[in-house]
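Peer 1: Below is the structure I would like to discuss, written out as structure tokens.
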Amino acid sequence: MSALYNHMVNALRGHWTAHGQQYPQRFELTDAALRELNDSRKLVNDTMNYVLRPGWDAVFHGVPLQAGCAVNTLVAADGSVHPLGE
């Protein structure tokens, strides 16, 4: 998987710990980052012969994805914005 995937997983784990297992509001990604993420995810799913459900590309581990942002961030349950690692 890509480094972005790992940064997102780490941010999600940290958020769960800091916010009593609540899910963040969303991940905000650049268009290029969302393409990279979903290309990697699709490759893994195709390789493992998993069936992708409709809308899979708009959610990451239960967290909505939003594209078109200037930087890659996690928007926490409380609305605070946290940049994802580079």
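Labels used: A, B, ... for chains in the order of the structure tokens, numbers from 1 for residues in each chain, and numbers from 1 for ligands as shown.
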Name the residues of range 4-85 of chain A that fall into alpha helix (DSSP H) according to DSSP on the backbone, using the chain letters and numbers of this document, as a PyMOL selection string.
Peer 2: chain A and resi 4-18+31-47
Peer 1: Selected residues, N, CA, C and O atoms, written as a CSV table (one decimal), in the first residue's frame, please.
Peer 2:
```csv
chain,number,residue,atom,x,y,z
A,4,LEU,N,0.5,7.1,1.9
A,4,LEU,CA,-0.8,7.8,2.2
A,4,LEU,C,-1.7,6.9,3.0
A,4,LEU,O,-2.3,7.3,4.0
A,5,TYR,N,-1.9,5.7,2.5
A,5,TYR,CA,-2.7,4.7,3.2
A,5,TYR,C,-2.3,4.5,4.7
A,5,TYR,O,-3.1,4.6,5.6
A,6,ASN,N,-1.0,4.4,4.9
A,6,ASN,CA,-0.4,4.2,6.2
A,6,ASN,C,-0.7,5.4,7.1
A,6,ASN,O,-1.0,5.3,8.2
A,7,HIS,N,-0.5,6.6,6.5
A,7,HIS,CA,-0.7,7.8,7.3
A,7,HIS,C,-2.2,8.0,7.7
A,7,HIS,O,-2.5,8.4,8.8
A,8,MET,N,-3.1,7.6,6.8
A,8,MET,CA,-4.5,7.6,7.1
A,8,MET,C,-4.9,6.6,8.2
A,8,MET,O,-5.6,7.0,9.1
A,9,VAL,N,-4.3,5.4,8.1
A,9,VAL,CA,-4.6,4.4,9.1
A,9,VAL,C,-4.1,4.9,10.5
A,9,VAL,O,-4.8,4.8,11.5
A,10,ASN,N,-2.9,5.5,10.5
A,10,ASN,CA,-2.3,6.0,11.8
A,10,ASN,C,-3.1,7.1,12.3
A,10,ASN,O,-3.4,7.2,13.5
A,11,ALA,N,-3.6,8.0,11.5
A,11,ALA,CA,-4.4,9.1,11.9
A,11,ALA,C,-5.7,8.7,12.5
A,11,ALA,O,-6.2,9.2,13.5
A,12,LEU,N,-6.3,7.7,11.8
A,12,LEU,CA,-7.6,7.1,12.3
A,12,LEU,C,-7.4,6.5,13.6
A,12,LEU,O,-8.2,6.7,14.6
A,13,ARG,N,-6.4,5.7,13.8
A,13,ARG,CA,-6.1,5.0,15.1
A,13,ARG,C,-5.9,6.1,16.2
A,13,ARG,O,-6.4,6.0,17.3
A,14,GLY,N,-5.1,7.1,15.9
A,14,GLY,CA,-4.9,8.2,16.9
A,14,GLY,C,-6.2,8.9,17.2
A,14,GLY,O,-6.4,9.3,18.4
A,15,HIS,N,-7.0,9.1,16.2
A,15,HIS,CA,-8.3,9.8,16.5
A,15,HIS,C,-9.2,9.0,17.4
A,15,HIS,O,-9.8,9.5,18.3
A,16,TRP,N,-9.3,7.7,17.1
A,16,TRP,CA,-10.1,6.8,18.0
A,16,TRP,C,-9.6,6.9,19.4
A,16,TRP,O,-10.4,6.9,20.3
A,17,THR,N,-8.3,6.8,19.6
A,17,THR,CA,-7.7,6.9,21.0
A,17,THR,C,-8.1,8.2,21.6
A,17,THR,O,-8.5,8.3,22.8
A,18,ALA,N,-7.9,9.3,20.9
A,18,ALA,CA,-8.1,10.7,21.5
A,18,ALA,C,-9.6,11.0,21.6
A,18,ALA,O,-9.9,11.9,22.4
A,31,ASP,N,-7.0,15.9,-5.1
A,31,ASP,CA,-7.5,15.0,-6.2
A,31,ASP,C,-6.4,13.9,-6.5
A,31,ASP,O,-6.8,12.8,-6.6
A,32,ALA,N,-5.2,14.3,-6.6
A,32,ALA,CA,-4.1,13.4,-6.9
A,32,ALA,C,-4.0,12.3,-5.8
A,32,ALA,O,-3.8,11.1,-6.1
A,33,ALA,N,-4.1,12.7,-4.5
A,33,ALA,CA,-4.0,11.8,-3.4
A,33,ALA,C,-5.1,10.8,-3.4
A,33,ALA,O,-4.9,9.6,-3.2
A,34,LEU,N,-6.3,11.3,-3.7
A,34,LEU,CA,-7.5,10.4,-3.7
A,34,LEU,C,-7.3,9.4,-4.9
A,34,LEU,O,-7.6,8.2,-4.7
A,35,ARG,N,-6.9,9.8,-6.0
A,35,ARG,CA,-6.6,8.9,-7.1
A,35,ARG,C,-5.6,7.8,-6.7
A,35,ARG,O,-5.8,6.6,-7.0
A,36,GLU,N,-4.5,8.3,-6.1
A,36,GLU,CA,-3.4,7.3,-5.7
A,36,GLU,C,-4.0,6.3,-4.7
A,36,GLU,O,-3.7,5.1,-4.8
A,37,LEU,N,-4.7,6.8,-3.7
A,37,LEU,CA,-5.3,5.9,-2.7
A,37,LEU,C,-6.2,4.9,-3.3
A,37,LEU,O,-6.1,3.7,-3.1
A,38,ASN,N,-7.1,5.4,-4.1
A,38,ASN,CA,-8.1,4.4,-4.7
A,38,ASN,C,-7.5,3.5,-5.7
A,38,ASN,O,-7.9,2.4,-5.8
A,39,ASP,N,-6.5,4.0,-6.5
A,39,ASP,CA,-5.8,3.0,-7.4
A,39,ASP,C,-5.1,1.9,-6.6
A,39,ASP,O,-5.2,0.7,-7.0
A,40,SER,N,-4.5,2.2,-5.5
A,40,SER,CA,-3.8,1.2,-4.7
A,40,SER,C,-4.9,0.3,-4.1
A,40,SER,O,-4.7,-0.9,-4.1
A,41,ARG,N,-5.9,0.8,-3.5
A,41,ARG,CA,-7.0,0.0,-2.9
A,41,ARG,C,-7.6,-0.9,-4.0
A,41,ARG,O,-7.9,-2.1,-3.7
A,42,LYS,N,-7.9,-0.4,-5.2
A,42,LYS,CA,-8.5,-1.2,-6.2
A,42,LYS,C,-7.5,-2.4,-6.6
A,42,LYS,O,-8.0,-3.5,-6.8
A,43,LEU,N,-6.3,-2.1,-6.8
A,43,LEU,CA,-5.3,-3.1,-7.1
A,43,LEU,C,-5.3,-4.2,-6.1
A,43,LEU,O,-5.3,-5.4,-6.5
A,44,VAL,N,-5.2,-3.9,-4.8
A,44,VAL,CA,-5.2,-4.9,-3.8
A,44,VAL,C,-6.5,-5.7,-3.9
A,44,VAL,O,-6.5,-7.0,-3.8
A,45,ASN,N,-7.7,-5.1,-4.0
A,45,ASN,CA,-8.9,-5.8,-4.0
A,45,ASN,C,-9.0,-6.7,-5.3
A,45,ASN,O,-9.5,-7.8,-5.2
A,46,ASP,N,-8.6,-6.2,-6.4
A,46,ASP,CA,-8.6,-7.0,-7.6
A,46,ASP,C,-7.7,-8.2,-7.5
A,46,ASP,O,-8.0,-9.3,-7.9
A,47,THR,N,-6.5,-8.0,-6.9
A,47,THR,CA,-5.5,-9.0,-6.8
A,47,THR,C,-6.1,-10.1,-5.9
A,47,THR,O,-5.9,-11.3,-6.1
```
Peer 1: Using CA of Gln22 in chain A and CA of Leu84 in chain A as the two end points, give the distance in Å to one decimal.
Peer 2: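 The value is 18.1 Å.
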